file final34.tsv (TSV, C-alpha atoms and all ligand atoms)
chain	number	residue	atom	x	y	z
Q	267	MET	CA	24.16	-32.45	1.59
Q	268	GLU	CA	25.98	-29.83	-0.46
Q	269	PHE	CA	24.57	-26.47	-1.45
Q	270	SER	CA	25.62	-24.03	-4.15
Q	271	TYR	CA	24.00	-21.30	-6.23
Q	272	LEU	CA	22.80	-21.66	-9.78
Q	273	CYS	CA	21.85	-18.65	-11.92
Q	274	THR	CA	18.25	-19.12	-13.10
Q	275	ARG	CA	19.09	-17.14	-16.24
Q	276	CYS	CA	22.54	-18.14	-17.54
Q	277	GLY	CA	23.08	-21.34	-15.54
Q	278	ALA	CA	26.41	-20.20	-14.01
Q	279	GLY	CA	27.28	-21.89	-10.71
Q	280	TYR	CA	28.64	-20.18	-7.58
Q	281	ASP	CA	29.61	-21.07	-4.03
Q	282	LEU	CA	27.25	-19.75	-1.36
Q	283	SER	CA	28.40	-16.39	-0.04
Q	284	PRO	CA	26.57	-13.61	1.82
Q	285	GLU	CA	28.04	-11.12	-0.67
Q	286	LEU	CA	26.37	-12.84	-3.62
Q	287	THR	CA	22.88	-11.62	-4.45
Q	288	THR	CA	21.99	-11.84	-8.12
Q	289	CYS	CA	24.33	-13.37	-10.73
Q	290	PRO	CA	27.16	-10.84	-11.28
Q	291	VAL	CA	27.28	-11.59	-15.02
Q	292	CYS	CA	23.55	-11.17	-15.64
Q	293	ARG	CA	23.35	-8.13	-13.37
Q	294	ASP	CA	25.57	-6.25	-15.82
Q	295	GLU	CA	22.75	-6.55	-18.33
Q	296	GLN	CA	20.07	-5.37	-15.90
Q	297	LYS	CA	17.79	-2.73	-17.41
Q	298	GLN	CA	15.77	-0.15	-15.51
Q	299	ASP	CA	12.12	-1.02	-14.88
Q	300	GLU	CA	12.31	-4.76	-15.44
Q	301	PRO	CA	12.40	-7.76	-13.08
Q	302	LEU	CA	15.75	-8.80	-11.60
Q	303	ARG	CA	18.08	-10.54	-14.00
Q	304	GLY	CA	20.06	-13.51	-12.75
Q	305	VAL	CA	18.13	-14.45	-9.62
Q	306	LEU	CA	20.08	-17.26	-7.92
Q	307	GLU	CA	18.53	-20.56	-6.97
Q	308	VAL	CA	20.01	-22.92	-4.38
Q	309	LYS	CA	21.25	-26.15	-5.94
Q	310	ILE	CA	21.36	-29.23	-3.75
Q	311	SER	CA	23.55	-32.27	-4.26
Q	312	GLY	CA	24.22	-35.43	-2.28
Q	313	ASP	CA	21.88	-38.06	-0.86
Q	314	LEU	CA	19.08	-37.48	1.60
Q	315	PRO	CA	19.71	-39.14	4.96
Q	316	GLU	CA	17.53	-42.22	5.47
Q	317	GLU	CA	15.78	-40.52	8.41
Q	318	ALA	CA	14.53	-37.71	6.16
Q	319	LEU	CA	12.23	-40.18	4.43
Q	320	HIS	CA	10.30	-40.83	7.66
Q	321	ASP	CA	10.60	-37.58	9.55
Q	322	THR	CA	9.41	-34.28	8.04
Q	323	GLU	CA	11.51	-32.17	10.36
Q	324	VAL	CA	14.65	-33.98	9.25
Q	325	LEU	CA	13.54	-33.68	5.62
Q	326	VAL	CA	13.09	-29.91	5.88
Q	327	GLN	CA	16.39	-29.48	7.75
Q	328	SER	CA	18.23	-31.61	5.20
Q	329	LEU	CA	16.94	-29.54	2.29
Q	330	LEU	CA	17.82	-26.15	3.80
Q	331	PRO	CA	21.28	-24.66	3.23
Q	332	VAL	CA	21.77	-23.41	6.83
Q	333	PRO	CA	22.07	-25.85	9.78
Q	334	PRO	CA	19.32	-25.74	12.44
Q	335	GLU	CA	21.54	-24.32	15.21
Q	336	PHE	CA	21.61	-20.93	13.47
Q	337	PHE	CA	17.83	-20.56	13.30
Q	338	PRO	CA	16.10	-18.05	15.59
Q	339	PRO	CA	14.57	-19.41	18.81
Q	340	LEU	CA	10.98	-19.64	17.58
Q	341	PRO	CA	8.62	-22.49	16.77
Q	342	ARG	CA	9.33	-23.79	13.25
Q	343	VAL	CA	7.29	-21.95	10.63
Q	344	LYS	CA	5.13	-24.61	9.01
Q	345	GLY	CA	1.68	-23.21	8.33
Q	346	GLU	CA	-1.45	-25.27	8.87
Q	347	LEU	CA	-3.23	-27.29	6.21
Q	348	TRP	CA	-7.02	-27.20	6.75
Q	349	LYS	CA	-9.98	-28.96	5.27
Q	350	PRO	CA	-12.71	-26.29	5.12
Q	351	GLU	CA	-15.56	-28.84	5.31
Q	352	LYS	CA	-18.42	-26.46	4.68
Q	353	LEU	CA	-16.77	-24.99	1.59
Q	354	CYS	CA	-15.76	-28.44	0.33
Q	355	ARG	CA	-19.47	-29.34	0.33
Q	356	GLU	CA	-20.62	-26.01	-1.11
Q	357	LEU	CA	-18.22	-26.30	-4.05
Q	358	SER	CA	-18.39	-30.11	-4.36
Q	359	LEU	CA	-14.64	-30.28	-4.02
Q	360	PRO	CA	-13.84	-32.79	-1.27
Q	361	GLY	CA	-10.11	-32.51	-1.98
Q	362	LEU	CA	-9.98	-28.79	-1.27
Q	363	ARG	CA	-7.45	-27.68	1.36
Q	364	ILE	CA	-6.30	-24.32	2.68
Q	365	MET	CA	-2.70	-23.76	3.69
Q	366	ASN	CA	-2.94	-21.05	6.32
Q	367	ASP	CA	0.25	-19.09	6.85
Q	368	GLY	CA	-1.56	-16.44	8.88
Q	369	SER	CA	-0.78	-18.61	11.91
Q	370	ASN	CA	2.98	-18.05	11.58
Q	371	PRO	CA	4.80	-16.13	14.36
Q	372	THR	CA	4.31	-12.67	12.78
Q	373	GLY	CA	1.08	-13.54	10.95
Q	374	SER	CA	2.27	-13.94	7.37
Q	375	PHE	CA	3.91	-16.26	4.88
Q	376	LYS	CA	7.00	-14.01	4.88
Q	377	ASP	CA	8.25	-15.71	8.06
Q	378	ARG	CA	9.35	-18.64	5.91
Q	379	ALA	CA	11.92	-16.41	4.18
Q	380	SER	CA	12.80	-14.34	7.26
Q	381	VAL	CA	13.87	-17.30	9.41
Q	382	LEU	CA	16.25	-18.56	6.73
Q	383	VAL	CA	17.69	-15.10	6.08
Q	384	SER	CA	18.11	-14.57	9.83
Q	385	ALA	CA	19.88	-17.94	10.17
Q	386	TYR	CA	22.12	-17.24	7.18
Q	387	ALA	CA	23.09	-13.81	8.53
Q	388	ARG	CA	23.89	-15.33	11.92
Q	389	GLN	CA	25.95	-18.12	10.37
Q	390	ASN	CA	27.99	-15.41	8.65
Q	391	GLY	CA	28.35	-13.14	11.67
Q	392	ILE	CA	26.15	-10.38	10.22
Q	393	ASP	CA	23.98	-8.67	12.83
Q	394	SER	CA	21.89	-6.21	10.83
Q	395	ILE	CA	19.32	-6.86	8.10
Q	396	VAL	CA	17.97	-4.28	5.66
Q	397	LEU	CA	14.90	-4.54	3.45
Q	398	ALA	CA	12.09	-2.93	1.53
Q	399	SER	CA	8.57	-4.27	1.88
Q	400	THR	CA	4.93	-3.54	1.19
Q	401	GLY	CA	4.50	-4.36	4.90
Q	402	ASN	CA	4.56	-8.08	5.64
Q	403	ALA	CA	8.17	-8.87	4.78
Q	404	GLY	CA	9.14	-5.90	6.95
Q	405	SER	CA	7.04	-6.80	9.97
Q	406	SER	CA	8.09	-10.43	9.56
Q	407	MET	CA	11.81	-9.65	9.47
Q	408	ALA	CA	11.37	-7.22	12.37
Q	409	GLY	CA	9.81	-9.92	14.54
Q	410	ILE	CA	12.16	-12.72	13.54
Q	411	GLY	CA	15.13	-10.34	13.94
Q	412	ALA	CA	13.90	-9.38	17.42
Q	413	ALA	CA	13.86	-13.04	18.46
Q	414	ALA	CA	17.33	-13.56	17.00
Q	415	GLY	CA	18.82	-10.35	18.45
Q	416	GLN	CA	19.46	-8.80	15.02
Q	417	LYS	CA	19.02	-5.16	14.06
Q	418	VAL	CA	16.39	-4.65	11.34
Q	419	ILE	CA	16.14	-1.57	9.09
Q	420	LEU	CA	12.98	-1.21	7.02
Q	421	PHE	CA	11.89	0.85	4.03
Q	422	LEU	CA	8.10	0.88	3.63
Q	423	PRO	CA	5.86	2.92	1.35
Q	424	GLU	CA	4.10	5.56	3.44
Q	425	THR	CA	0.78	4.02	2.34
Q	426	ALA	CA	1.54	0.61	3.94
Q	427	PRO	CA	-1.30	-0.54	6.25
Q	428	PRO	CA	-0.76	1.01	9.71
Q	429	ALA	CA	-0.97	-2.38	11.49
Q	430	LYS	CA	2.09	-3.59	9.58
Q	431	MET	CA	4.07	-0.46	10.53
Q	432	ILE	CA	2.95	-0.60	14.16
Q	433	GLN	CA	3.84	-4.28	14.33
Q	434	SER	CA	7.35	-3.55	12.95
Q	435	LEU	CA	7.92	-0.76	15.47
Q	436	GLN	CA	6.67	-2.95	18.32
Q	437	TYR	CA	9.40	-5.42	17.41
Q	438	GLY	CA	11.92	-2.58	17.64
Q	439	ALA	CA	12.83	-2.18	13.96
Q	440	THR	CA	14.07	1.10	12.50
Q	441	LEU	CA	11.40	2.22	10.04
Q	442	TYR	CA	11.84	4.63	7.14
Q	443	LYS	CA	8.56	5.71	5.55
Q	444	VAL	CA	9.16	6.24	1.85
Q	445	ALA	CA	7.37	9.04	0.02
Q	446	GLY	CA	6.58	6.75	-2.91
Q	447	ASN	CA	5.65	3.20	-3.76
Q	448	TYR	CA	7.21	-0.19	-3.00
Q	449	ASP	CA	9.39	0.00	-6.10
Q	450	MET	CA	10.96	3.21	-4.78
Q	451	ALA	CA	11.42	1.64	-1.33
Q	452	TYR	CA	13.14	-1.33	-2.99
Q	453	ASP	CA	15.72	0.88	-4.69
Q	454	LEU	CA	16.31	2.99	-1.56
Q	455	SER	CA	16.94	-0.08	0.59
Q	456	LEU	CA	19.51	-1.42	-1.88
Q	457	ASP	CA	21.26	1.92	-1.86
Q	458	TYR	CA	21.23	1.92	1.95
Q	459	SER	CA	22.69	-1.57	2.42
Q	460	GLU	CA	25.36	-0.85	-0.19
Q	461	LYS	CA	26.47	2.25	1.71
Q	462	GLU	CA	25.81	1.21	5.31
Q	463	GLY	CA	26.31	-2.58	5.19
Q	464	GLY	CA	24.10	-5.30	6.66
Q	465	MET	CA	22.49	-8.20	4.87
Q	466	ASN	CA	19.86	-7.08	2.38
Q	467	ARG	CA	16.76	-9.29	2.56
Q	468	ASN	CA	14.95	-7.84	-0.44
Q	469	THR	CA	12.74	-10.39	-2.09
Q	470	ALA	CA	14.50	-12.36	-4.88
Q	471	TRP	CA	17.60	-10.15	-4.49
Q	472	ASN	CA	18.57	-12.30	-1.50
Q	473	PRO	CA	18.54	-15.92	-2.78
Q	474	MET	CA	17.57	-17.16	0.69
Q	475	THR	CA	14.11	-15.58	0.29
Q	476	MET	CA	12.93	-17.94	-2.44
Q	477	GLU	CA	14.75	-20.83	-0.76
Q	478	GLY	CA	13.01	-20.17	2.57
Q	479	LYS	CA	9.64	-19.88	0.89
Q	480	LYS	CA	10.04	-23.32	-0.67
Q	481	THR	CA	9.30	-24.83	2.75
Q	482	VAL	CA	5.58	-24.33	2.06
Q	483	SER	CA	5.72	-27.10	-0.56
Q	484	LEU	CA	7.60	-29.39	1.82
Q	485	ASP	CA	4.99	-28.70	4.51
Q	486	ILE	CA	2.08	-29.31	2.11
Q	487	TYR	CA	3.71	-32.58	1.06
Q	488	ALA	CA	4.21	-33.59	4.70
Q	489	GLN	CA	0.76	-32.52	5.89
Q	490	LEU	CA	-0.89	-34.39	3.02
Q	491	GLY	CA	0.80	-37.51	4.40
Q	492	GLY	CA	3.72	-37.64	1.96
Q	493	ARG	CA	2.25	-36.76	-1.41
Q	494	ALA	CA	1.91	-33.78	-3.72
Q	495	PRO	CA	-1.43	-32.08	-4.37
Q	496	ASP	CA	-2.79	-31.82	-7.91
Q	497	ARG	CA	-3.00	-28.08	-7.91
Q	498	VAL	CA	-1.79	-25.09	-5.85
Q	499	LEU	CA	-3.18	-21.53	-6.06
Q	500	VAL	CA	-0.70	-18.84	-5.12
Q	501	PRO	CA	-1.43	-15.13	-4.64
Q	502	THR	CA	1.28	-13.41	-6.65
Q	503	GLY	CA	2.91	-9.99	-6.70
Q	504	ASP	CA	6.71	-10.10	-6.92
Q	505	GLY	CA	6.61	-13.80	-7.73
Q	506	CYS	CA	8.90	-14.89	-4.93
Q	507	ILE	CA	6.31	-17.04	-3.14
Q	508	ILE	CA	5.36	-18.81	-6.35
Q	509	GLY	CA	9.06	-19.25	-7.16
Q	510	GLY	CA	9.48	-20.87	-3.74
Q	511	VAL	CA	6.45	-23.11	-4.30
Q	512	PHE	CA	8.01	-24.40	-7.54
Q	513	LYS	CA	11.43	-24.77	-5.91
Q	514	GLY	CA	10.07	-26.87	-3.05
Q	515	PHE	CA	8.32	-29.29	-5.40
Q	516	LYS	CA	11.41	-29.32	-7.64
Q	517	ASP	CA	13.46	-30.51	-4.65
Q	518	LEU	CA	10.91	-33.23	-3.91
Q	519	LEU	CA	11.06	-34.30	-7.56
Q	520	GLN	CA	14.86	-34.30	-7.53
Q	521	PHE	CA	14.95	-36.71	-4.58
Q	522	GLY	CA	12.25	-38.94	-6.01
Q	523	LEU	CA	9.71	-38.19	-3.27
Q	524	ILE	CA	7.04	-37.13	-5.78
Q	525	ASP	CA	6.77	-38.02	-9.44
Q	526	ARG	CA	5.25	-34.92	-11.01
Q	527	MET	CA	4.94	-31.19	-10.52
Q	528	PRO	CA	1.47	-30.08	-9.38
Q	529	ARG	CA	-0.29	-27.55	-11.60
Q	530	ILE	CA	0.62	-24.20	-10.10
Q	531	THR	CA	-1.56	-21.15	-10.66
Q	532	ALA	CA	-0.49	-17.57	-10.01
Q	533	VAL	CA	-3.49	-15.57	-8.83
Q	534	GLN	CA	-3.08	-11.87	-9.53
Q	535	ALA	CA	-5.14	-8.78	-8.93
Q	536	GLU	CA	-6.48	-7.30	-12.18
Q	537	GLY	CA	-4.82	-4.02	-11.26
Q	538	SER	CA	-1.42	-5.64	-10.63
Q	539	ASN	CA	-0.97	-8.48	-13.09
Q	540	ALA	CA	2.46	-8.10	-14.66
Q	541	LEU	CA	3.21	-11.83	-14.56
Q	542	HIS	CA	-0.13	-12.69	-16.15
Q	543	ARG	CA	0.59	-10.26	-19.00
Q	544	ALA	CA	4.12	-11.60	-19.40
Q	545	LEU	CA	2.95	-15.22	-19.63
Q	546	ALA	CA	0.65	-14.17	-22.48
Q	547	SER	CA	3.12	-11.94	-24.33
Q	548	GLY	CA	6.49	-13.45	-23.39
Q	549	SER	CA	7.92	-10.21	-21.99
Q	550	PHE	CA	7.44	-7.73	-19.16
Q	551	ASP	CA	6.10	-4.23	-19.61
Q	552	ASN	CA	6.00	-1.66	-16.84
Q	553	ARG	CA	2.51	-0.50	-15.84
Q	554	PRO	CA	1.54	1.23	-12.60
Q	555	SER	CA	-0.31	-1.12	-10.26
Q	556	SER	CA	-3.34	-0.52	-8.10
Q	557	THR	CA	-5.27	-2.99	-5.94
Q	558	VAL	CA	-6.81	-3.26	-2.45
Q	559	ALA	CA	-4.55	-6.26	-1.89
Q	560	ASP	CA	-1.45	-4.26	-0.89
Q	561	SER	CA	0.75	-7.34	-0.49
Q	562	ILE	CA	0.45	-8.22	-4.18
Q	563	SER	CA	0.59	-4.67	-5.51
Q	564	VAL	CA	3.83	-4.24	-7.46
Q	565	ASP	CA	4.67	-2.48	-10.72
Q	566	ILE	CA	7.73	-4.57	-11.49
Q	567	PRO	CA	7.64	-8.12	-10.13
Q	568	ARG	CA	11.17	-8.55	-8.82
Q	569	ASN	CA	11.18	-12.32	-9.28
Q	570	GLY	CA	9.25	-12.05	-12.56
Q	571	TYR	CA	11.77	-13.74	-14.84
Q	572	THR	CA	12.18	-16.71	-12.53
Q	573	ALA	CA	8.44	-17.10	-11.95
Q	574	LEU	CA	7.76	-16.84	-15.70
Q	575	LYS	CA	10.42	-19.44	-16.47
Q	576	TYR	CA	8.96	-21.90	-13.97
Q	577	LEU	CA	5.39	-21.31	-15.19
Q	578	GLN	CA	6.51	-22.01	-18.76
Q	579	GLU	CA	8.70	-24.99	-17.87
Q	580	TYR	CA	6.13	-26.74	-15.66
Q	581	ASP	CA	2.94	-25.78	-17.47
Q	582	GLY	CA	1.64	-23.42	-14.81
Q	583	ASP	CA	-1.00	-20.79	-15.44
Q	584	THR	CA	-2.38	-17.48	-14.17
Q	585	VAL	CA	-5.79	-16.10	-13.28
Q	586	CYS	CA	-6.79	-12.51	-12.47
Q	587	VAL	CA	-9.37	-11.34	-9.95
Q	588	SER	CA	-10.93	-7.92	-9.43
Q	589	ASP	CA	-10.78	-5.95	-6.18
Q	590	GLN	CA	-14.50	-6.56	-5.72
Q	591	GLU	CA	-13.96	-10.30	-6.07
Q	592	ILE	CA	-11.14	-10.15	-3.53
Q	593	ILE	CA	-13.26	-8.26	-1.00
Q	594	GLU	CA	-16.15	-10.70	-1.43
Q	595	ALA	CA	-13.86	-13.72	-1.28
Q	596	GLN	CA	-12.41	-12.45	1.99
Q	597	ALA	CA	-15.81	-12.33	3.69
Q	598	HIS	CA	-16.83	-15.63	2.08
Q	599	LEU	CA	-13.80	-17.38	3.56
Q	600	SER	CA	-14.21	-15.71	6.95
Q	601	GLY	CA	-17.90	-16.58	7.17
Q	602	ASN	CA	-17.66	-20.16	5.93
Q	603	ALA	CA	-14.28	-21.44	7.07
Q	604	GLY	CA	-13.61	-19.30	10.13
Q	605	LEU	CA	-10.46	-18.07	8.44
Q	606	PHE	CA	-9.94	-14.31	8.36
Q	607	THR	CA	-7.13	-13.76	5.87
Q	608	GLU	CA	-5.80	-10.49	4.49
Q	609	PRO	CA	-6.85	-9.34	1.00
Q	610	ALA	CA	-3.81	-10.84	-0.75
Q	611	GLY	CA	-4.55	-14.15	0.95
Q	612	ALA	CA	-8.18	-13.90	-0.09
Q	613	ALA	CA	-7.11	-13.26	-3.70
Q	614	SER	CA	-6.19	-16.92	-4.05
Q	615	TRP	CA	-9.62	-17.85	-2.73
Q	616	ALA	CA	-11.19	-15.55	-5.31
Q	617	GLY	CA	-9.04	-17.32	-7.91
Q	618	LEU	CA	-10.38	-20.68	-6.82
Q	619	LEU	CA	-13.97	-19.47	-7.11
Q	620	LYS	CA	-13.17	-18.37	-10.64
Q	621	LEU	CA	-11.51	-21.64	-11.64
Q	622	LYS	CA	-13.81	-24.06	-9.86
Q	623	GLU	CA	-15.48	-25.29	-13.05
Q	624	THR	CA	-12.11	-26.44	-14.38
Q	625	ILE	CA	-11.29	-28.54	-11.29
Q	626	GLN	CA	-12.24	-32.22	-11.13
Q	627	PRO	CA	-14.02	-33.30	-7.93
Q	628	GLY	CA	-11.32	-35.83	-7.12
Q	629	GLU	CA	-8.45	-33.34	-7.30
Q	630	THR	CA	-6.48	-32.25	-4.27
Q	631	VAL	CA	-6.32	-28.47	-4.52
Q	632	VAL	CA	-4.40	-26.32	-2.06
Q	633	VAL	CA	-5.20	-22.62	-1.75
Q	634	LEU	CA	-2.54	-20.53	-0.03
Q	635	ALA	CA	-3.91	-18.09	2.54
Q	636	THR	CA	-0.82	-16.03	3.10
Q	637	GLY	CA	-1.53	-13.56	5.91
Q	638	SER	CA	-3.77	-12.74	8.86
Q	639	GLY	CA	-6.81	-10.54	8.22
Q	640	LEU	CA	-5.92	-8.41	11.22
Q	641	LYS	CA	-3.03	-6.91	9.27
Q	642	ASP	CA	-5.29	-4.67	7.19
Q	643	THR	CA	-8.69	-4.03	8.72
Q	644	ALA	CA	-9.42	-0.95	6.59
Q	645	THR	CA	-9.85	-3.09	3.47
Q	646	ALA	CA	-11.75	-5.81	5.35
Q	647	LEU	CA	-14.25	-3.17	6.43
Q	648	LYS	CA	-15.32	-2.83	2.78
Q	649	GLY	CA	-16.65	-6.38	2.80
Q	650	ILE	CA	-18.95	-6.03	5.82
Q	651	GLN	CA	-21.53	-3.72	7.38
Q	652	MET	CA	-20.44	-1.99	10.58
Q	653	PRO	CA	-23.54	-1.32	12.75
Q	654	GLU	CA	-24.34	2.36	12.73
Q	655	LYS	CA	-26.30	2.68	15.93
Q	656	THR	CA	-25.18	1.96	19.46
Q	657	ILE	CA	-27.39	0.40	22.12
Q	658	SER	CA	-27.66	0.74	25.87
Q	659	LYS	CA	-30.59	-1.57	26.58
Q	660	ILE	CA	-31.97	-4.66	24.85
Q	661	GLU	CA	-35.14	-2.82	23.75
Q	662	ASP	CA	-32.91	-0.65	21.53
Q	663	ILE	CA	-32.20	-3.65	19.33
Q	664	ARG	CA	-35.79	-3.76	18.12
Q	665	GLY	CA	-36.35	-0.01	18.03
Q	701	LIG	C1	4.20	-11.02	-0.10
Q	701	LIG	C2	2.85	-11.56	-0.07
Q	701	LIG	C3	2.25	-12.15	-1.18
Q	701	LIG	C4	2.89	-12.22	-2.54
Q	701	LIG	O1	4.18	-12.76	-2.61
Q	701	LIG	P1	5.14	-12.38	-3.82
Q	701	LIG	O2	6.39	-13.09	-3.55
Q	701	LIG	O3	5.31	-10.89	-3.76
Q	701	LIG	O4	4.47	-12.79	-5.07
Q	701	LIG	C5	0.99	-12.67	-1.03
Q	701	LIG	N1	0.31	-12.59	0.13
Q	701	LIG	C6	0.85	-12.01	1.22
Q	701	LIG	C7	0.04	-11.92	2.47
Q	701	LIG	C8	2.13	-11.47	1.17
Q	701	LIG	O5	2.63	-10.87	2.25

call {"tool": "encode", "arguments": {"input": "final34.tsv", "output": "structure tokens"}}
result
Amino acid sequence: MEFSYLCTRCGAGYDLSPELTTCPVCRDEQKQDEPLRGVLEVKISGDLPEEALHDTEVLVQSLLPVPPEFFPPLPRVKGELWKPEKLCRELSLPGLRIMNDGSNPTGSFKDRASVLVSAYARQNGIDSIVLASTGNAGSSMAGIGAAAGQKVILFLPETAPPAKMIQSLQYGATLYKVAGNYDMAYDLSLDYSEKEGGMNRNTAWNPMTMEGKKTVSLDIYAQLGGRAPDRVLVPTGDGCIIGGVFKGFKDLLQFGLIDRMPRITAVQAEGSNALHRALASGSFDNRPSSTVADSISVDIPRNGYTALKYLQEYDGDTVCVSDQEIIEAQAHLSGNAGLFTEPAGAASWAGLLKLKETIQPGETVVVLATGSGLKDTATALKGIQMPEKTISKIEDIRG
């Protein structure tokens, strides 16, 4: 197989290189306070090996631009597709499935991008990786980097959930707490890697992030027994996960393994819905974001242009959910599926509850649950009642 880069904006082609991030031509036209211009997509050419048609592991390896020997020594990140039986009955949707990425090595979807970035850095002899994150990409890269023996330097907003910071420090990353939001951390990390070197893993800026995230679609395809679902609900902030979801199904289409793109829905928090607004109006405006789902809280969605283009091209859509709906959806999923997912992961469940009337009973619908609930217990506390009193003997229970 051969791999190259294609600019998602102007269509220019480039050879893979660790120095290339966004398209150099489009970057010259980059404006302040807008999504990245010229995000690069990996273009694949050649024929799939025969074996890839029968063996998912070979399929995934064949479609990734870095050979397996460079990957960190960890189990392959593949998520787990569940049938939540009780909820399938409750909603009369027998084809409902949850793709749980909370079971990944560091507890979030971000591991899909981190392993590919780690492998690409190693292939190119680069031993330090720099990034900004709302928390999960940072703790993910820190853990994957620890396994691979790479140095990881993180820029996180000071308001990031403590568990995500603690997790990153446990893995031995260098952590800079930024006195500002994710958008400020993003800019600082770019400045840092420009001056100090290292591979920058910022979402969408590093083309391997979207490419790594595409593996979710390959894993859904494989775990459904070699077919595409009808619909996928994706919690969306920067738009890199949803870009990866589209890219994975695009690859499967390109090689004739599926015959149509599933309907893909971006689920956004009402207080952070830049992509939703852009799909309605055709352009991005810059509005401050605020939501309990920290992982999808962004002012400027970095992969916004790419995500918007894919939504338009493949007839995708968006749905917005309130913080209250997210908090309720989190407890609903925990209590009825045994899946405790973080607020951003629960946002897609809230989106499903909102859209359920529009889904046919026969449809196969996959809801992405993108991170473990243990990563942000402060928000989860809002959805439950913590007992106030303590007991020391059984009689106290009744008293
Ligand atoms: C990063 C993240 C998202 C959103 O992904 P984007 O690429 O920013 O749209 C959703 N859920 C979780 C748990 C995440 O960590």

call {"tool": "residues_near_ligand", "arguments": {"input": "final34.tsv", "ligand": "ligand LIG 701 (chain Q)", "cutoff": "7 Å", "atoms": "all atoms listed in the file", "output": "PyMOL selection string"}}
result
chain Q and resi 374-376+402-403+501-508+561-562+608+610-611+636-637

call {"tool": "closest_residue", "arguments": {"input": "final34.tsv", "among": "Q:Pro653, Q:Leu605, Q:Pro473, Q:Asp453", "to": "Q:Cys289", "atoms": "all atoms listed in the file"}}
result
Q:Pro473

call {"tool": "residues_around", "arguments": {"input": "final34.tsv", "residues": "Q:Tyr487", "least_positions_apart": "6", "cutoff": "12 Å", "atoms": "all atoms listed in the file", "output": "number ranges by chain"}}
result
Q: 319, 322, 325-326, 344, 346-347, 365, 480-481, 493-496, 498, 511, 514-515, 517-519, 523-524, 527-528, 630, 632

call {"tool": "write_last_selection", "arguments": {"input": "final34.tsv", "atoms": "C-alpha atoms", "output": "PDB file, in the frame of the given file"}}
result
ATOM      1  CA  LEU Q 319      12.230 -40.180   4.430  1.00  0.00           C
ATOM      2  CA  THR Q 322       9.410 -34.280   8.040  1.00  0.00           C
ATOM      3  CA  LEU Q 325      13.540 -33.680   5.620  1.00  0.00           C
ATOM      4  CA  VAL Q 326      13.090 -29.910   5.880  1.00  0.00           C
ATOM      5  CA  LYS Q 344       5.130 -24.610   9.010  1.00  0.00           C
ATOM      6  CA  GLU Q 346      -1.450 -25.270   8.870  1.00  0.00           C
ATOM      7  CA  LEU Q 347      -3.230 -27.290   6.210  1.00  0.00           C
ATOM      8  CA  MET Q 365      -2.700 -23.760   3.690  1.00  0.00           C
ATOM      9  CA  LYS Q 480      10.040 -23.320  -0.670  1.00  0.00           C
ATOM     10  CA  THR Q 481       9.300 -24.830   2.750  1.00  0.00           C
ATOM     11  CA  ARG Q 493       2.250 -36.760  -1.410  1.00  0.00           C
ATOM     12  CA  ALA Q 494       1.910 -33.780  -3.720  1.00  0.00           C
ATOM     13  CA  PRO Q 495      -1.430 -32.080  -4.370  1.00  0.00           C
ATOM     14  CA  ASP Q 496      -2.790 -31.820  -7.910  1.00  0.00           C
ATOM     15  CA  VAL Q 498      -1.790 -25.090  -5.850  1.00  0.00           C
ATOM     16  CA  VAL Q 511       6.450 -23.110  -4.300  1.00  0.00           C
ATOM     17  CA  GLY Q 514      10.070 -26.870  -3.050  1.00  0.00           C
ATOM     18  CA  PHE Q 515       8.320 -29.290  -5.400  1.00  0.00           C
ATOM     19  CA  ASP Q 517      13.460 -30.510  -4.650  1.00  0.00           C
ATOM     20  CA  LEU Q 518      10.910 -33.230  -3.910  1.00  0.00           C
ATOM     21  CA  LEU Q 519      11.060 -34.300  -7.560  1.00  0.00           C
ATOM     22  CA  LEU Q 523       9.710 -38.190  -3.270  1.00  0.00           C
ATOM     23  CA  ILE Q 524       7.040 -37.130  -5.780  1.00  0.00           C
ATOM     24  CA  MET Q 527       4.940 -31.190 -10.520  1.00  0.00           C
ATOM     25  CA  PRO Q 528       1.470 -30.080  -9.380  1.00  0.00           C
ATOM     26  CA  THR Q 630      -6.480 -32.250  -4.270  1.00  0.00           C
ATOM     27  CA  VAL Q 632      -4.400 -26.320  -2.060  1.00  0.00           C
TER      28      VAL Q 632
END

call {"tool": "residues_near_point", "arguments": {"input": "final34.tsv", "point": "(-16.1, -24.0, 2.0)", "cutoff": "12 Å", "atoms": "only C-alpha atoms", "output": "PyMOL selection string"}}
result
chain Q and resi 348-364+595+597-605+615+618-619+633

call {"tool": "atom_distance", "arguments": {"input": "final34.tsv", "atom1": "atom CA of Q:Val533", "atom2": "atom CA of Q:Leu382"}}
result
25.3 Å

call {"tool": "build_atoms", "arguments": {"input": "final34.tsv", "residues": "stretch 457-461 of chain Q", "atoms": "N, CA and C atoms", "output": "tab-separated table (two decimals), keeping the file's coordinate frame"}}
result
chain	number	residue	atom	x	y	z
Q	457	ASP	N	20.29	0.84	-1.98
Q	457	ASP	CA	21.26	1.92	-1.86
Q	457	ASP	C	21.79	1.99	-0.42
Q	458	TYR	N	20.86	1.85	0.53
Q	458	TYR	CA	21.23	1.92	1.95
Q	458	TYR	C	22.19	0.79	2.33
Q	459	SER	N	21.84	-0.46	1.98
Q	459	SER	CA	22.69	-1.57	2.42
Q	459	SER	C	24.05	-1.53	1.72
Q	460	GLU	N	24.08	-0.98	0.51
Q	460	GLU	CA	25.36	-0.85	-0.19
Q	460	GLU	C	26.27	0.13	0.57
Q	461	LYS	N	25.66	1.22	1.04
Q	461	LYS	CA	26.47	2.25	1.71
Q	461	LYS	C	26.72	1.93	3.18
